[in-house]
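Everything on this sheet refers to the single structure shown next.
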Amino acid sequence: MRIFSLLFLSFFALISCNESDKLPYLGDTKIVDGEKVPHTVNAFSFYNQEGDIITQNDYKESIQIADFFFTKCPTICPTVMGNMVTIYDKYEANPTIKLVSFSLDPKRDSISALAAYAENLEVKAPKWNMLTGEKEKLHGLASNYFNIVVEDEEAPGGINHSGKIILVDKEGKVRSFADGTDPDEVERFITDIDKLIEEYEAD
Amino acid sequence: MRLIKLFILLFIFSCQSPYQKGEKLFSQHCSNCHGAEAEGFRKLYPPITKDLYSTYSDKIVCIIRYGLNDSLVYNGIQYSSSMPGNDILSDIDIVNLKNYLDWKFLAENKYNSLPQVKKELVDCK
């Protein structure tokens, strides 16, 4: 009898533990060929700070940590980027973790402007690509990555946007996000990164 | 007994920094770049120190409103990015900020006058 209840208990422990460890799939699901497919980030092709074209294919083997910013942003970006730097430093030795920052202000954020910015932050491509290209495409991608962007002359720096940091898995699915200006949310987000790493290690 | 309580109260109040408004404005409008303790961030944003502030204090009201593009060098680091101007802060906010900065970095208890700061702001350009 004892043995049975023990087995029973450990069985439950296993199930519940599996469930709580797996991060959810976020965003709207689509039905493709009769199967539910979670929201997947769109394809893209932009230049990074070193003048290389980077596409979503560069992230097939990587966990992406993404945000949207612009170098002349006076208000929230410095805080969000500060937190991105913390993440960069923490996972510097882990090659599956890659950071990617999409510029919302490609007119001012030329390749060389992004190179200077990355150099000043003391971070390197391709571990952390800062991307620029056509404005419409960059702004379009933002909503696909759970960010809101509105051009507004009244806003400091001319663009209003949400400073979200997004966690994208190797399959292009969004698994977590955080308000990049909120230290508590960022701390929770980092535990989510660790969970996703474990998920792949368990496979 | 009363007296002791009074002393404790006095003690607490004297520990609090003066220029509360300026301090708050600093944390709302400046520390996102310069850091909560004005310690700076990598090679992107310089710290604000006694040395640095004393060279810029004459122009600080103009810097706050119109920004700074000096590519300044400090401790061997060149800060090539520029500081954007801030057109949200009112003239009075700028006086409060300057009072706080003068106290924090130059240890001066100044009460800068509003008309003087207004005049400086007109003369910036």
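Each chain in the structure tokens gets a letter, A, B, ..., in the order shown, and its residues are numbered from 1; ligands are numbered from 1 in order too.
Every residue of chain A that lies within 10 Å of chain B is listed here, counting only C-alpha atoms: A:Thr71, A:Lys72, A:Cys73, A:Pro74, A:Thr75, A:Ile76, A:Cys77, A:Pro78, A:Thr79, A:Val80, A:Gly82, A:Ala113, A:Ala116, A:Tyr117, A:Ala118, A:Glu119, A:Asn120, A:Leu121, A:Glu122, A:Ala155, A:Pro156, A:Gly157, A:Thr181.
The list of residues with at least one atom within 12 Å of Ile48 of chain B, based on only C-alpha atoms and without residues fewer than 4 positions apart in the same chain, reads Phe26, Cys30, Ser31, Cys33, His34, Gly35, Ala36, Glu37, Ala38, Glu39, Gly40, Phe41, Leu52, Tyr53, Ser54, Thr55, Tyr56, Ser57, Ile60, Tyr74, Leu101, Asp102, Lys104, Phe105 and Leu106 of chain B.
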Given the selection you just returned, output its residues as a file containing C-alpha atoms, formatted as a PDB file, in the first residue's frame.
```pdb
ATOM      1  CA  PHE B  26      16.818  64.362 -11.455  1.00  0.00           C
ATOM      2  CA  CYS B  30      18.311  62.441 -15.834  1.00  0.00           C
ATOM      3  CA  SER B  31      19.047  59.180 -14.055  1.00  0.00           C
ATOM      4  CA  CYS B  33      20.940  57.965 -18.698  1.00  0.00           C
ATOM      5  CA  HIS B  34      23.353  59.167 -16.028  1.00  0.00           C
ATOM      6  CA  GLY B  35      22.361  56.485 -13.490  1.00  0.00           C
ATOM      7  CA  ALA B  36      20.541  56.677 -10.148  1.00  0.00           C
ATOM      8  CA  GLU B  37      23.761  57.784  -8.440  1.00  0.00           C
ATOM      9  CA  ALA B  38      24.943  59.770 -11.481  1.00  0.00           C
ATOM     10  CA  GLU B  39      27.557  57.034 -11.961  1.00  0.00           C
ATOM     11  CA  GLY B  40      27.221  57.033 -15.776  1.00  0.00           C
ATOM     12  CA  PHE B  41      26.785  54.063 -18.101  1.00  0.00           C
ATOM     13  CA  LEU B  52      32.875  67.418 -14.602  1.00  0.00           C
ATOM     14  CA  TYR B  53      30.059  69.385 -13.116  1.00  0.00           C
ATOM     15  CA  SER B  54      32.304  72.275 -12.166  1.00  0.00           C
ATOM     16  CA  THR B  55      33.319  72.689 -15.811  1.00  0.00           C
ATOM     17  CA  TYR B  56      29.717  72.598 -17.004  1.00  0.00           C
ATOM     18  CA  SER B  57      27.859  74.331 -14.145  1.00  0.00           C
ATOM     19  CA  ILE B  60      23.954  73.822 -17.037  1.00  0.00           C
ATOM     20  CA  TYR B  74      36.673  61.990 -19.055  1.00  0.00           C
ATOM     21  CA  LEU B 101      23.031  69.850  -8.695  1.00  0.00           C
ATOM     22  CA  ASP B 102      25.009  72.735  -7.151  1.00  0.00           C
ATOM     23  CA  LYS B 104      25.098  67.633  -4.740  1.00  0.00           C
ATOM     24  CA  PHE B 105      28.234  68.146  -6.825  1.00  0.00           C
ATOM     25  CA  LEU B 106      29.712  71.447  -5.603  1.00  0.00           C
TER      26      LEU B 106
END
```
Residues within 12 Å of Cys62 of chain B, only C-alpha atoms, excluding chain neighbours under 2 positions, as a PDB file with C-alpha atoms, in the first residue's frame:
```pdb
ATOM      1  CA  TYR B  56      29.717  72.598 -17.004  1.00  0.00           C
ATOM      2  CA  SER B  57      27.859  74.331 -14.145  1.00  0.00           C
ATOM      3  CA  ASP B  58      27.969  77.786 -15.818  1.00  0.00           C
ATOM      4  CA  LYS B  59      26.117  76.394 -18.812  1.00  0.00           C
ATOM      5  CA  ILE B  60      23.954  73.822 -17.037  1.00  0.00           C
ATOM      6  CA  ILE B  64      19.306  70.890 -19.621  1.00  0.00           C
ATOM      7  CA  ARG B  65      17.041  72.676 -22.089  1.00  0.00           C
ATOM      8  CA  TYR B  66      19.026  72.405 -25.321  1.00  0.00           C
ATOM      9  CA  GLY B  67      21.316  69.421 -24.794  1.00  0.00           C
ATOM     10  CA  LEU B  68      25.057  69.048 -25.209  1.00  0.00           C
ATOM     11  CA  ASN B  69      27.215  67.906 -28.097  1.00  0.00           C
ATOM     12  CA  MET B  83      22.736  64.687 -24.755  1.00  0.00           C
ATOM     13  CA  PRO B  84      19.271  65.582 -26.073  1.00  0.00           C
ATOM     14  CA  GLY B  85      17.570  68.776 -24.918  1.00  0.00           C
ATOM     15  CA  ASN B  86      14.552  68.562 -22.636  1.00  0.00           C
ATOM     16  CA  ASP B  87      11.619  70.809 -23.504  1.00  0.00           C
ATOM     17  CA  LEU B  89      11.048  70.914 -17.938  1.00  0.00           C
ATOM     18  CA  ASP B  91      12.009  77.315 -16.102  1.00  0.00           C
ATOM     19  CA  ILE B  94      15.359  74.012 -14.136  1.00  0.00           C
ATOM     20  CA  VAL B  95      16.016  76.307 -11.168  1.00  0.00           C
ATOM     21  CA  LYS B  98      20.279  73.540 -10.679  1.00  0.00           C
ATOM     22  CA  VAL B 117      17.860  81.586 -14.981  1.00  0.00           C
ATOM     23  CA  LYS B 118      15.202  82.928 -17.362  1.00  0.00           C
ATOM     24  CA  LYS B 119      17.719  85.425 -18.699  1.00  0.00           C
ATOM     25  CA  GLU B 120      20.351  82.714 -19.138  1.00  0.00           C
ATOM     26  CA  LEU B 121      17.839  80.585 -21.023  1.00  0.00           C
ATOM     27  CA  VAL B 122      17.135  83.444 -23.430  1.00  0.00           C
ATOM     28  CA  ASP B 123      20.857  83.966 -23.977  1.00  0.00           C
ATOM     29  CA  CYS B 124      21.606  80.267 -24.633  1.00  0.00           C
ATOM     30  CA  LYS B 125      21.476  80.478 -28.373  1.00  0.00           C
TER      31      LYS B 125
END
```
Open item on the list: I need the residue nearest Glu92 of chain A from this list: A:Val123, A:Ala43, A:Ile111, A:Ile65. Use only C-alpha atoms for the distance.
Closed with: A:Val123
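Note that the spacing between atom CA of Asn144 of chain A and atom CA of Ile63 of chain A amounts to 16.8 Å.
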Task: helix (DSSP H, G or I) call set, DSSP backbone run, chain A, as an MDAnalysis selection string - done: chainID A and resid 2:21 56:59 77:90 111:121 135:144 156:158 183:202
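The gap separating atom CA of Tyr47 of chain A from atom CA of Arg175 of chain A is 25.4 Å, in Å to one decimal.
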Open item on the list: Using DSSP secondary structure from the backbone, list all strand (DSSP E or B) positions within chain B, as a list in words.
Closed with: Phe41, Tyr45, Leu68, Val73, Tyr74, Ile77, Gln78 and Met83 of chain B
